[in-house]
$ cat entry28.pdb   # PDB, C-alpha atoms (C1' of nucleotides)
ATOM      1  CA  MET I   1     125.290 177.714 155.675
ATOM      2  CA  LEU I   2     121.643 176.846 155.864
ATOM      3  CA  GLU I   3     120.717 178.877 152.832
ATOM      4  CA  ALA I   4     123.847 177.757 151.040
ATOM      5  CA  SER I   5     122.673 174.172 151.367
ATOM      6  CA  ARG I   6     119.062 174.852 150.506
ATOM      7  CA  ALA I   7     120.110 176.912 147.517
ATOM      8  CA  ARG I   8     121.735 173.754 146.208
ATOM      9  CA  GLY I   9     118.683 171.616 146.823
ATOM     10  CA  VAL I  10     119.898 169.796 149.900
ATOM     11  CA  GLU I  11     118.980 170.194 153.546
ATOM     12  CA  PRO I  12     121.707 171.438 155.877
ATOM     13  CA  ALA I  13     122.116 168.027 157.463
ATOM     14  CA  GLU I  14     122.387 166.462 154.032
ATOM     15  CA  GLY I  15     125.039 168.972 153.055
ATOM     16  CA  HIS I  16     126.981 168.118 156.154
ATOM     17  CA  LEU I  17     126.803 164.438 155.353
ATOM     18  CA  LEU I  18     127.811 165.027 151.758
ATOM     19  CA  SER I  19     130.807 167.054 152.893
ATOM     20  CA  TYR I  20     131.960 164.404 155.298
ATOM     21  CA  VAL I  21     131.777 161.636 152.761
ATOM     22  CA  THR I  22     133.528 163.751 150.185
ATOM     23  CA  LEU I  23     136.367 164.504 152.558
ATOM     24  CA  TYR I  24     136.808 161.132 154.140
ATOM     25  CA  GLY I  25     136.047 158.874 151.282
ATOM     26  CA  PRO I  26     133.703 155.904 151.187
ATOM     27  CA  CYS I  27     132.915 154.992 154.761
ATOM     28  CA  PRO I  28     130.519 152.635 156.484
ATOM     29  CA  VAL I  29     127.173 153.800 157.804
ATOM     30  CA  SER I  30     128.287 152.921 161.314
ATOM     31  CA  GLU I  31     131.013 155.537 161.091
ATOM     32  CA  LEU I  32     128.466 158.129 160.020
ATOM     33  CA  THR I  33     126.206 157.357 162.946
ATOM     34  CA  ARG I  34     129.155 157.853 165.275
ATOM     35  CA  VAL I  35     130.293 161.052 163.632
ATOM     36  CA  PHE I  36     126.884 162.652 163.393
ATOM     37  CA  GLY I  37     125.444 161.243 166.563
ATOM     38  CA  THR I  38     122.275 160.163 164.782
ATOM     39  CA  ARG I  39     120.407 156.897 164.876
ATOM     40  CA  PRO I  40     121.069 154.354 162.168
ATOM     41  CA  SER I  41     117.452 154.620 161.083
ATOM     42  CA  THR I  42     117.843 158.349 160.592
ATOM     43  CA  LEU I  43     120.893 157.759 158.423
ATOM     44  CA  THR I  44     119.055 155.216 156.345
ATOM     45  CA  GLY I  45     116.492 157.848 155.417
ATOM     46  CA  MET I  46     119.055 160.497 154.614
ATOM     47  CA  LEU I  47     121.085 158.099 152.520
ATOM     48  CA  ASP I  48     117.977 156.961 150.668
ATOM     49  CA  ARG I  49     117.108 160.498 149.696
ATOM     50  CA  LEU I  50     120.620 161.448 148.674
ATOM     51  CA  GLU I  51     121.142 158.262 146.733
ATOM     52  CA  GLU I  52     117.855 158.747 144.922
ATOM     53  CA  ARG I  53     119.032 162.166 143.816
ATOM     54  CA  GLY I  54     122.285 160.686 142.588
ATOM     55  CA  LEU I  55     124.472 162.563 145.072
ATOM     56  CA  LEU I  56     125.841 159.528 146.788
ATOM     57  CA  LEU I  57     125.790 155.791 146.573
ATOM     58  CA  ARG I  58     126.150 152.704 148.697
ATOM     59  CA  GLU I  59     128.643 150.073 147.666
ATOM     60  CA  PRO I  60     129.347 146.745 149.271
ATOM     61  CA  ASN I  61     132.142 146.741 151.773
ATOM     62  CA  PRO I  62     134.694 144.144 150.676
ATOM     63  CA  ARG I  63     135.922 143.775 154.234
ATOM     64  CA  ASP I  64     132.506 143.077 155.767
ATOM     65  CA  ARG I  65     129.480 141.909 153.874
ATOM     66  CA  ARG I  66     127.082 143.251 156.507
ATOM     67  CA  SER I  67     128.378 146.708 155.944
ATOM     68  CA  LEU I  68     127.967 149.259 153.194
ATOM     69  CA  LEU I  69     130.386 151.916 152.111
ATOM     70  CA  VAL I  70     128.871 155.274 151.422
ATOM     71  CA  GLY I  71     130.589 157.163 148.664
ATOM     72  CA  VAL I  72     129.952 160.410 146.885
ATOM     73  CA  THR I  73     129.152 160.806 143.192
ATOM     74  CA  ASP I  74     130.553 163.529 140.985
ATOM     75  CA  PRO I  75     127.484 165.750 141.305
ATOM     76  CA  GLY I  76     127.541 165.179 145.053
ATOM     77  CA  ALA I  77     131.175 166.171 145.244
ATOM     78  CA  VAL I  78     130.467 169.368 143.345
ATOM     79  CA  ILE I  79     127.903 170.408 145.918
ATOM     80  CA  ALA I  80     130.142 169.406 148.799
ATOM     81  CA  THR I  81     132.993 171.431 147.382
ATOM     82  CA  GLU I  82     130.819 174.483 146.990
ATOM     83  CA  LEU I  83     129.573 174.146 150.534
ATOM     84  CA  ARG I  84     133.093 173.764 151.811
ATOM     85  CA  ALA I  85     134.045 177.007 150.108
ATOM     86  CA  LYS I  86     131.106 178.708 151.792
ATOM     87  CA  LEU I  87     132.173 177.362 155.143
ATOM     88  CA  GLU I  88     135.696 178.586 154.674
ATOM     89  CA  ALA I  89     134.437 182.010 153.707
ATOM     90  CA  PHE I  90     132.354 182.007 156.857
ATOM     91  CA  GLU I  91     135.342 181.102 158.985
ATOM     92  CA  GLU I  92     137.360 183.841 157.436
ATOM     93  CA  GLU I  93     134.608 186.355 158.043
ATOM     94  CA  LEU I  94     134.355 185.226 161.642
ATOM     95  CA  ARG I  95     138.076 185.560 162.185
ATOM     96  CA  SER I  96     137.976 189.054 160.819
ATOM     97  CA  ARG I  97     135.413 189.998 163.427
ATOM     98  CA  VAL I  98     136.734 188.428 166.593
ATOM     99  CA  CYS I  99     140.197 188.216 168.069
ATOM    100  CA  GLU I 100     142.201 185.078 168.666
ATOM    101  CA  ARG I 101     141.625 185.325 172.390
ATOM    102  CA  ASP I 102     137.856 185.321 171.940
ATOM    103  CA  LEU I 103     138.071 182.204 169.774
ATOM    104  CA  LYS I 104     140.154 180.555 172.424
ATOM    105  CA  GLY I 105     137.528 181.407 175.030
ATOM    106  CA  PHE I 106     134.786 180.107 172.801
ATOM    107  CA  ASP I 107     136.616 176.859 172.403
ATOM    108  CA  ALA I 108     137.196 176.519 176.139
ATOM    109  CA  VAL I 109     133.528 177.122 176.928
ATOM    110  CA  ILE I 110     132.328 174.672 174.310
ATOM    111  CA  ARG I 111     134.645 172.028 175.689
ATOM    112  CA  ALA I 112     133.554 172.688 179.250
ATOM    113  CA  ILE I 113     129.892 172.397 178.259
ATOM    114  CA  ALA I 114     130.561 169.171 176.428
ATOM    115  CA  ASP I 115     132.403 167.908 179.429
ATOM    116  CA  ILE I 116     129.666 168.779 181.894
ATOM    117  CA  THR I 117     126.947 167.339 179.697
ATOM    118  CA  GLN I 118     129.075 164.333 178.837
ATOM    119  CA  VAL I 119     128.877 164.866 175.128
ATOM    120  CA  ASP I 120     131.657 163.366 173.112
ATOM    121  CA  LEU I 121     132.808 166.216 170.934
ATOM    122  CA  THR I 122     135.149 164.183 168.836
ATOM    123  CA  LYS I 123     132.583 161.688 167.623
ATOM    124  CA  GLU I 124     135.570 159.958 166.162
ATOM    125  CA  GLY I 125     135.463 162.147 163.102
ATOM    126  CA  ARG I 126     138.723 161.812 161.244
ATOM    127  CA  LYS I 127     141.105 164.667 161.395
TER     128      LYS I 127
ATOM    129  CA  MET M   1     119.246 169.889 180.582
ATOM    130  CA  LEU M   2     117.937 167.479 178.031
ATOM    131  CA  GLU M   3     117.833 164.587 180.440
ATOM    132  CA  ALA M   4     116.533 166.843 183.192
ATOM    133  CA  SER M   5     113.535 167.660 181.012
ATOM    134  CA  ARG M   6     112.941 164.127 179.832
ATOM    135  CA  ALA M   7     113.271 162.788 183.358
ATOM    136  CA  ARG M   8     110.279 164.975 184.193
ATOM    137  CA  GLY M   9     108.256 163.764 181.253
ATOM    138  CA  VAL M  10     108.644 166.806 179.031
ATOM    139  CA  GLU M  11     110.714 167.392 175.943
ATOM    140  CA  PRO M  12     113.492 169.982 176.179
ATOM    141  CA  ALA M  13     111.566 172.489 174.089
ATOM    142  CA  GLU M  14     108.511 171.978 176.270
ATOM    143  CA  GLY M  15     110.581 172.559 179.391
ATOM    144  CA  HIS M  16     111.887 175.767 177.901
ATOM    145  CA  LEU M  17     108.373 176.944 177.157
ATOM    146  CA  LEU M  18     107.158 175.994 180.611
ATOM    147  CA  SER M  19     110.017 177.936 182.185
ATOM    148  CA  TYR M  20     109.310 181.018 180.165
ATOM    149  CA  VAL M  21     105.636 181.081 181.018
ATOM    150  CA  THR M  22     106.371 180.441 184.663
ATOM    151  CA  LEU M  23     108.803 183.340 184.804
ATOM    152  CA  TYR M  24     106.918 185.863 182.725
ATOM    153  CA  GLY M  25     103.378 185.092 183.668
ATOM    154  CA  PRO M  26     100.413 184.535 181.368
ATOM    155  CA  CYS M  27     101.401 185.804 177.968
ATOM    156  CA  PRO M  28      99.895 185.691 174.500
ATOM    157  CA  VAL M  29     100.929 183.069 171.994
ATOM    158  CA  SER M  30     102.268 185.811 169.758
ATOM    159  CA  GLU M  31     104.840 186.677 172.391
ATOM    160  CA  LEU M  32     105.922 183.055 172.543
ATOM    161  CA  THR M  33     106.367 182.863 168.796
ATOM    162  CA  ARG M  34     108.594 185.932 168.960
ATOM    163  CA  VAL M  35     110.622 184.682 171.897
ATOM    164  CA  PHE M  36     111.125 181.167 170.608
ATOM    165  CA  GLY M  37     111.338 182.000 166.954
ATOM    166  CA  THR M  38     108.812 179.364 165.988
ATOM    167  CA  ARG M  39     105.726 179.551 163.815
ATOM    168  CA  PRO M  40     102.348 179.929 165.455
ATOM    169  CA  SER M  41     101.332 176.513 164.206
ATOM    170  CA  THR M  42     104.268 174.944 165.988
ATOM    171  CA  LEU M  43     103.233 176.606 169.231
ATOM    172  CA  THR M  44      99.695 175.361 168.849
ATOM    173  CA  GLY M  45     100.891 171.775 168.914
ATOM    174  CA  MET M  46     103.180 172.252 171.878
ATOM    175  CA  LEU M  47     100.502 174.081 173.824
ATOM    176  CA  ASP M  48      97.965 171.377 173.015
ATOM    177  CA  ARG M  49     100.208 168.684 174.424
ATOM    178  CA  LEU M  50     101.159 170.635 177.523
ATOM    179  CA  GLU M  51      97.602 171.684 178.201
ATOM    180  CA  GLU M  52      96.411 168.107 177.793
ATOM    181  CA  ARG M  53      98.896 167.032 180.445
ATOM    182  CA  GLY M  54      97.660 169.779 182.736
ATOM    183  CA  LEU M  55     100.928 171.697 182.761
ATOM    184  CA  LEU M  56      99.590 174.861 181.208
ATOM    185  CA  LEU M  57      96.334 176.419 180.161
ATOM    186  CA  ARG M  58      94.978 178.979 177.732
ATOM    187  CA  GLU M  59      92.737 181.744 179.060
ATOM    188  CA  PRO M  60      90.969 184.477 177.121
ATOM    189  CA  ASN M  61      92.860 187.720 176.852
ATOM    190  CA  PRO M  62      90.654 190.510 178.198
ATOM    191  CA  ARG M  63      92.505 193.082 176.095
ATOM    192  CA  ASP M  64      92.048 191.322 172.777
ATOM    193  CA  ARG M  65      89.449 188.709 172.040
ATOM    194  CA  ARG M  66      91.485 187.186 169.216
ATOM    195  CA  SER M  67      94.271 186.435 171.604
ATOM    196  CA  LEU M  68      94.845 183.831 174.303
ATOM    197  CA  LEU M  69      96.958 184.109 177.413
ATOM    198  CA  VAL M  70      99.087 181.100 178.179
ATOM    199  CA  GLY M  71      99.537 180.464 181.868
ATOM    200  CA  VAL M  72     101.175 177.768 183.897
ATOM    201  CA  THR M  73      99.408 175.407 186.303
ATOM    202  CA  ASP M  74     100.767 174.382 189.682
ATOM    203  CA  PRO M  75     102.187 171.080 188.404
ATOM    204  CA  GLY M  76     103.693 172.939 185.477
ATOM    205  CA  ALA M  77     105.322 175.465 187.782
ATOM    206  CA  VAL M  78     106.832 172.678 189.858
ATOM    207  CA  ILE M  79     108.552 171.232 186.822
ATOM    208  CA  ALA M  80     109.679 174.659 185.640
ATOM    209  CA  THR M  81     111.159 175.444 189.018
ATOM    210  CA  GLU M  82     113.064 172.179 189.113
ATOM    211  CA  LEU M  83     114.411 172.791 185.640
ATOM    212  CA  ARG M  84     115.445 176.309 186.595
ATOM    213  CA  ALA M  85     117.401 174.930 189.524
ATOM    214  CA  LYS M  86     119.149 172.487 187.191
ATOM    215  CA  LEU M  87     120.017 175.296 184.833
ATOM    216  CA  GLU M  88     121.454 177.403 187.624
ATOM    217  CA  ALA M  89     123.505 174.484 188.852
ATOM    218  CA  PHE M  90     124.789 174.062 185.315
ATOM    219  CA  GLU M  91     125.771 177.706 185.081
ATOM    220  CA  GLU M  92     127.578 177.520 188.350
ATOM    221  CA  GLU M  93     129.437 174.415 187.253
ATOM    222  CA  LEU M  94     130.390 176.094 184.003
ATOM    223  CA  ARG M  95     131.675 179.178 185.783
ATOM    224  CA  SER M  96     133.790 177.023 188.022
ATOM    225  CA  ARG M  97     135.475 175.513 184.985
ATOM    226  CA  VAL M  98     136.151 178.495 182.747
ATOM    227  CA  CYS M  99     137.432 181.951 183.473
ATOM    228  CA  GLU M 100     135.598 185.191 182.951
ATOM    229  CA  ARG M 101     137.701 186.013 179.945
ATOM    230  CA  ASP M 102     136.722 182.775 178.226
ATOM    231  CA  LEU M 103     133.045 183.527 178.789
ATOM    232  CA  LYS M 104     133.552 186.947 177.309
ATOM    233  CA  GLY M 105     135.153 185.397 174.251
ATOM    234  CA  PHE M 106     132.336 182.904 173.955
ATOM    235  CA  ASP M 107     129.823 185.705 174.027
ATOM    236  CA  ALA M 108     131.724 187.704 171.417
ATOM    237  CA  VAL M 109     131.915 184.738 169.041
ATOM    238  CA  ILE M 110     128.232 183.903 169.459
ATOM    239  CA  ARG M 111     127.324 187.484 168.693
ATOM    240  CA  ALA M 112     129.587 187.597 165.674
ATOM    241  CA  ILE M 113     128.061 184.389 164.312
ATOM    242  CA  ALA M 114     124.553 185.720 164.865
ATOM    243  CA  ASP M 115     125.580 188.890 163.128
ATOM    244  CA  ILE M 116     127.076 187.156 160.114
ATOM    245  CA  THR M 117     124.131 184.825 159.753
ATOM    246  CA  GLN M 118     121.651 187.582 160.464
ATOM    247  CA  VAL M 119     119.999 185.871 163.371
ATOM    248  CA  ASP M 120     118.238 188.072 165.878
ATOM    249  CA  LEU M 121     119.552 186.936 169.219
ATOM    250  CA  THR M 122     117.260 189.079 171.349
ATOM    251  CA  LYS M 123     113.933 187.632 170.192
ATOM    252  CA  GLU M 124     112.361 190.256 172.454
ATOM    253  CA  GLY M 125     112.462 188.008 175.474
ATOM    254  CA  ARG M 126     111.742 189.975 178.614
ATOM    255  CA  LYS M 127     114.613 190.792 180.879
TER     256      LYS M 127
ATOM    257  C1'  DG C   1      79.668 203.769 159.325
ATOM    258  C1'  DA C   2      81.117 200.511 155.703
ATOM    259  C1'  DC C   3      84.756 198.296 153.765
ATOM    260  C1'  DA C   4      89.330 196.735 153.334
ATOM    261  C1'  DT C   5      93.421 195.461 155.647
ATOM    262  C1'  DT C   6      95.982 193.475 159.214
ATOM    263  C1'  DA C   7      96.740 190.474 163.254
ATOM    264  C1'  DA C   8      96.001 186.199 166.391
ATOM    265  C1'  DG C   9      95.495 181.431 166.519
ATOM    266  C1'  DT C  10      94.075 177.134 164.571
ATOM    267  C1'  DT C  11      93.916 173.450 161.237
ATOM    268  C1'  DC C  12      95.930 170.550 157.838
ATOM    269  C1'  DG C  13      99.417 168.270 155.314
ATOM    270  C1'  DC C  14     104.224 167.522 154.940
ATOM    271  C1'  DT C  15     109.182 166.507 156.303
ATOM    272  C1'  DA C  16     112.900 165.243 159.460
ATOM    273  C1'  DT C  17     114.232 163.594 163.459
ATOM    274  C1'  DC C  18     114.081 160.671 167.632
ATOM    275  C1'  DG C  19     113.658 156.241 170.345
ATOM    276  C1'  DT C  20     112.415 151.628 170.405
ATOM    277  C1'  DA C  21     112.047 147.210 168.645
ATOM    278  C1'  DA C  22     112.252 143.548 165.312
ATOM    279  C1'  DT C  23     114.728 141.410 161.541
ATOM    280  C1'  DA C  24     118.256 139.393 158.366
ATOM    281  C1'  DT C  25     122.761 138.801 157.559
ATOM    282  C1'  DA C  26     127.482 138.285 158.723
ATOM    283  C1'  DC C  27     131.365 138.295 161.801
ATOM    284  C1'  DG C  28     134.222 136.395 165.816
ATOM    285  C1'  DT C  29     135.050 133.639 169.660
ATOM    286  C1'  DT C  30     134.962 129.844 172.118
TER     287       DT C  30
ATOM    288  C1'  DA R   1     129.501 124.412 165.116
ATOM    289  C1'  DA R   2     127.130 127.408 168.175
ATOM    290  C1'  DC R   3     126.542 131.424 170.452
ATOM    291  C1'  DG R   4     126.753 136.118 170.980
ATOM    292  C1'  DT R   5     127.643 140.514 168.789
ATOM    293  C1'  DA R   6     127.640 143.962 165.066
ATOM    294  C1'  DT R   7     125.675 146.192 160.593
ATOM    295  C1'  DA R   8     122.120 147.997 158.424
ATOM    296  C1'  DT R   9     117.163 148.151 157.297
ATOM    297  C1'  DT R  10     112.329 148.406 158.319
ATOM    298  C1'  DA R  11     108.380 149.795 160.927
ATOM    299  C1'  DC R  12     106.014 152.316 164.569
ATOM    300  C1'  DG R  13     104.523 156.257 167.282
ATOM    301  C1'  DA R  14     105.904 160.673 168.932
ATOM    302  C1'  DT R  15     107.958 165.519 168.763
ATOM    303  C1'  DA R  16     109.034 169.610 166.261
ATOM    304  C1'  DG R  17     109.312 172.272 162.645
ATOM    305  C1'  DC R  18     107.431 174.477 158.076
ATOM    306  C1'  DG R  19     103.932 176.746 154.828
ATOM    307  C1'  DA R  20      99.270 177.574 153.229
ATOM    308  C1'  DA R  21      94.574 178.288 153.989
ATOM    309  C1'  DC R  22      91.203 179.646 157.215
ATOM    310  C1'  DT R  23      88.286 182.031 161.093
ATOM    311  C1'  DT R  24      87.630 185.593 163.945
ATOM    312  C1'  DA R  25      88.627 189.966 165.760
ATOM    313  C1'  DA R  26      90.731 194.444 165.665
ATOM    314  C1'  DT R  27      92.237 198.409 163.093
ATOM    315  C1'  DG R  28      92.648 201.865 159.343
ATOM    316  C1'  DT R  29      90.688 204.443 155.603
ATOM    317  C1'  DC R  30      87.492 206.625 152.837
TER     318       DC R  30
END
$ encode --input "entry28.pdb" --output "structure tokens"
Amino acid sequence: MLEASRARGVEPAEGHLLSYVTLYGPCPVSELTRVFGTRPSTLTGMLDRLEERGLLLREPNPRDRRSLLVGVTDPGAVIATELRAKLEAFEEELRSRVCERDLKGFDAVIRAIADITQVDLTKEGRK
Amino acid sequence: MLEASRARGVEPAEGHLLSYVTLYGPCPVSELTRVFGTRPSTLTGMLDRLEERGLLLREPNPRDRRSLLVGVTDPGAVIATELRAKLEAFEEELRSRVCERDLKGFDAVIRAIADITQVDLTKEGRK
DNA sequence: GACATTAAGTTCGCTATCGTAATATACGTT
DNA sequence: AACGTATATTACGATAGCGAACTTAATGTC
């Protein structure tokens, strides 16, 4: 996924952000900080760079004038869609190599680690 | 482990480095770049900071005058030992929460991912 | 043995991230 | 209306990573 992003001129983290916004529509920065577990100041920088390249944009939030809604542009959505396809291909490849039981074990271990280290895995990302 | 490192005044990556050097004795920087998968220039910075704090030191390598052997100091070894204990406690906790089969699945998935993404998991770390 | 090549680390400049703190604006509650 | 809280930005210093250029030393080749 790393090369897939870089091949499209965005960093992996930027690709991730682009994908999220594409999927879940215009959303406030505060939601992104929760979902990605990054500091607001980190988001500001990422958004600046992506907006400058015309991949996303910040619009006023009609419900709260402190807040901004981050939305994707058409070129941004194109990249996000391509990355999503790559991710799905990866998942398929992974499933072809490991059995269902192994995936279940993987999931259980990840959850246990998150639990022990008190990491919130959901990050309130929308389903 | 992140807080365990920071609580002792080192960054997680620094703690990892300290642990490795403590376990595997004075070793050349080139070995560390292989094991950690970082560029030599990255190591230089980390070593500078750790050496400045008196946690490790660079000695000449008698077998190759281009090379330096990185060794740990007593204060560095204390931190490394504490971190090792934390890690072992973590492992034990994890094992108490998941079954052997889940761990096996986790391992299989990690290996499959490394394989698909062409990451070398061994990094030639010593046993 | 002289010369070219390769290897080990360092230096420098750059980017992304963190954590902290300060700020301006707006919201909500009392 | 006032106070406290939340949203996002800005600014700062630090860590961690990269790549390129460089120095010095070892190695290979003719």
$ atom_distance --input "entry28.pdb" --atom1 "CA of Glu3 in chain M" --atom2 "CA of Val35 in chain I"
21.2 Å
$ closest_residue --input "entry28.pdb" --among "R:DA11, R:DA6, R:DA1, R:DA26" --to "Ser30 in chain I" --atoms "all atoms listed in the file"
R:DA6
$ atom_distance --input "entry28.pdb" --atom1 "CA of Thr33 in chain I" --atom2 "CA of Gly9 in chain M"
26.4 Å
$ residues_near_point --input "entry28.pdb" --point "(128.7, 173.3, 146.7)" --cutoff "12 Å" --atoms "only C-alpha atoms (C1' of nucleotides)" --output "ChimeraX atom specification"
/I:1,3-10,12,14-16,18-19,22,55,74-88
$ resolve_selection --input "entry28.pdb" --expression "the PyMOL selection byres ((chain C and resi 25) around 12)" --output "PyMOL selection string"
(chain I and resi 64-67) or (chain C and resi 23-24+26-27) or (chain R and resi 6-9)
$ write_last_selection --input "entry28.pdb" --atoms "C-alpha atoms (C1' of nucleotides)" --output "PDB file, in the coordinates of the input"
ATOM      1  CA  ASP I  64     132.506 143.077 155.767  1.00  0.00           C
ATOM      2  CA  ARG I  65     129.480 141.909 153.874  1.00  0.00           C
ATOM      3  CA  ARG I  66     127.082 143.251 156.507  1.00  0.00           C
ATOM      4  CA  SER I  67     128.378 146.708 155.944  1.00  0.00           C
TER       5      SER I  67
ATOM      6  C1'  DT C  23     114.728 141.410 161.541  1.00  0.00           C
ATOM      7  C1'  DA C  24     118.256 139.393 158.366  1.00  0.00           C
ATOM      8  C1'  DA C  26     127.482 138.285 158.723  1.00  0.00           C
ATOM      9  C1'  DC C  27     131.365 138.295 161.801  1.00  0.00           C
TER      10       DC C  27
ATOM     11  C1'  DA R   6     127.640 143.962 165.066  1.00  0.00           C
ATOM     12  C1'  DT R   7     125.675 146.192 160.593  1.00  0.00           C
ATOM     13  C1'  DA R   8     122.120 147.997 158.424  1.00  0.00           C
ATOM     14  C1'  DT R   9     117.163 148.151 157.297  1.00  0.00           C
TER      15       DT R   9
END
$ residues_near_point --input "entry28.pdb" --point "(105.1, 184.9, 174.6)" --cutoff "10 Å" --atoms "all atoms listed in the file" --output "VMD selection string"
chain M and resid 17 20 to 21 24 to 36 69 to 70 124 to 126
$ interface_residues --input "entry28.pdb" --of "chain I" --to "chain M" --cutoff "12 Å" --atoms "all atoms listed in the file" --output "PDB file with C-alpha atoms, in the coordinates of the input"
ATOM      1  CA  MET I   1     125.290 177.714 155.675  1.00  0.00           C
ATOM      2  CA  LEU I   2     121.643 176.846 155.864  1.00  0.00           C
ATOM      3  CA  GLU I   3     120.717 178.877 152.832  1.00  0.00           C
ATOM      4  CA  ALA I   4     123.847 177.757 151.040  1.00  0.00           C
ATOM      5  CA  LEU I  87     132.173 177.362 155.143  1.00  0.00           C
ATOM      6  CA  ALA I  89     134.437 182.010 153.707  1.00  0.00           C
ATOM      7  CA  PHE I  90     132.354 182.007 156.857  1.00  0.00           C
ATOM      8  CA  GLU I  91     135.342 181.102 158.985  1.00  0.00           C
ATOM      9  CA  GLU I  92     137.360 183.841 157.436  1.00  0.00           C
ATOM     10  CA  GLU I  93     134.608 186.355 158.043  1.00  0.00           C
ATOM     11  CA  LEU I  94     134.355 185.226 161.642  1.00  0.00           C
ATOM     12  CA  ARG I  95     138.076 185.560 162.185  1.00  0.00           C
ATOM     13  CA  SER I  96     137.976 189.054 160.819  1.00  0.00           C
ATOM     14  CA  ARG I  97     135.413 189.998 163.427  1.00  0.00           C
ATOM     15  CA  VAL I  98     136.734 188.428 166.593  1.00  0.00           C
ATOM     16  CA  CYS I  99     140.197 188.216 168.069  1.00  0.00           C
ATOM     17  CA  GLU I 100     142.201 185.078 168.666  1.00  0.00           C
ATOM     18  CA  ARG I 101     141.625 185.325 172.390  1.00  0.00           C
ATOM     19  CA  ASP I 102     137.856 185.321 171.940  1.00  0.00           C
ATOM     20  CA  LEU I 103     138.071 182.204 169.774  1.00  0.00           C
ATOM     21  CA  LYS I 104     140.154 180.555 172.424  1.00  0.00           C
ATOM     22  CA  GLY I 105     137.528 181.407 175.030  1.00  0.00           C
ATOM     23  CA  PHE I 106     134.786 180.107 172.801  1.00  0.00           C
ATOM     24  CA  ASP I 107     136.616 176.859 172.403  1.00  0.00           C
ATOM     25  CA  ALA I 108     137.196 176.519 176.139  1.00  0.00           C
ATOM     26  CA  VAL I 109     133.528 177.122 176.928  1.00  0.00           C
ATOM     27  CA  ILE I 110     132.328 174.672 174.310  1.00  0.00           C
ATOM     28  CA  ARG I 111     134.645 172.028 175.689  1.00  0.00           C
ATOM     29  CA  ALA I 112     133.554 172.688 179.250  1.00  0.00           C
ATOM     30  CA  ILE I 113     129.892 172.397 178.259  1.00  0.00           C
ATOM     31  CA  ALA I 114     130.561 169.171 176.428  1.00  0.00           C
ATOM     32  CA  ASP I 115     132.403 167.908 179.429  1.00  0.00           C
ATOM     33  CA  ILE I 116     129.666 168.779 181.894  1.00  0.00           C
ATOM     34  CA  THR I 117     126.947 167.339 179.697  1.00  0.00           C
ATOM     35  CA  GLN I 118     129.075 164.333 178.837  1.00  0.00           C
ATOM     36  CA  VAL I 119     128.877 164.866 175.128  1.00  0.00           C
TER      37      VAL I 119
END
$ atom_distance --input "entry28.pdb" --atom1 "C1' of DC18 in chain R" --atom2 "CA of Arg63 in chain M"
29.9 Å
$ closest_residue --input "entry28.pdb" --among "R:DT10, R:DC30, R:DA25, R:DG4" --to "chain I" --atoms "only C-alpha atoms (C1' of nucleotides)"
R:DT10
$ residues_around --input "entry28.pdb" --residues "DC12 in chain C" --least-positions-apart "4" --cutoff "12 Å" --atoms "all atoms listed in the file" --output "MDAnalysis selection string"
(chainID M and resid 41) or (chainID R and resid 19:22)
$ closest_residue --input "entry28.pdb" --among "I:Leu68, I:Ala13, I:Met46, I:Leu56" --to "chain R" --atoms "all atoms listed in the file"
I:Leu68
$ resolve_selection --input "entry28.pdb" --expression "the PyMOL selection byres ((chain C) within 12 of (chain M))" --output "JSON list (two decimals) with C-alpha atoms (C1' of nucleotides), in the coordinates of the input"
[["chain", "number", "residue", "atom", "x", "y", "z"],
["C", 7, "DA", "C1'", 96.74, 190.47, 163.25],
["C", 8, "DA", "C1'", 96.00, 186.20, 166.39],
["C", 9, "DG", "C1'", 95.50, 181.43, 166.52],
["C", 10, "DT", "C1'", 94.08, 177.13, 164.57],
["C", 11, "DT", "C1'", 93.92, 173.45, 161.24],
["C", 12, "DC", "C1'", 95.93, 170.55, 157.84],
["C", 18, "DC", "C1'", 114.08, 160.67, 167.63]]
$ decode --input "entry28.pdb" --residues "range 56-78 of chain I" --atoms "C-alpha atoms" --output "mmCIF file, in the first residue's frame"
data_model
loop_
_atom_site.group_PDB
_atom_site.id
_atom_site.type_symbol
_atom_site.label_atom_id
_atom_site.label_comp_id
_atom_site.auth_asym_id
_atom_site.auth_seq_id
_atom_site.Cartn_x
_atom_site.Cartn_y
_atom_site.Cartn_z
ATOM 1 C CA LEU I 56 -9.390 17.929 -0.645
ATOM 2 C CA LEU I 57 -10.923 21.069 0.696
ATOM 3 C CA ARG I 58 -12.197 22.607 3.887
ATOM 4 C CA GLU I 59 -15.682 24.039 3.946
ATOM 5 C CA PRO I 60 -17.445 25.819 6.751
ATOM 6 C CA ASN I 61 -19.569 23.636 8.940
ATOM 7 C CA PRO I 62 -23.102 25.041 8.922
ATOM 8 C CA ARG I 63 -23.809 23.439 12.275
ATOM 9 C CA ASP I 64 -20.797 24.925 14.072
ATOM 10 C CA ARG I 65 -18.858 27.930 12.927
ATOM 11 C CA ARG I 66 -15.745 26.889 14.855
ATOM 12 C CA SER I 67 -15.564 23.725 12.879
ATOM 13 C CA LEU I 68 -14.562 22.886 9.339
ATOM 14 C CA LEU I 69 -15.799 20.076 7.180
ATOM 15 C CA VAL I 70 -13.156 18.278 5.224
ATOM 16 C CA GLY I 71 -14.340 17.042 1.877
ATOM 17 C CA VAL I 72 -12.697 15.365 -1.056
ATOM 18 C CA THR I 73 -12.384 16.807 -4.557
ATOM 19 C CA ASP I 74 -12.854 14.822 -7.733
ATOM 20 C CA PRO I 75 -9.132 14.247 -8.251
ATOM 21 C CA GLY I 76 -8.842 13.252 -4.604
ATOM 22 C CA ALA I 77 -11.663 10.774 -4.958
ATOM 23 C CA VAL I 78 -9.996 9.214 -7.978
#
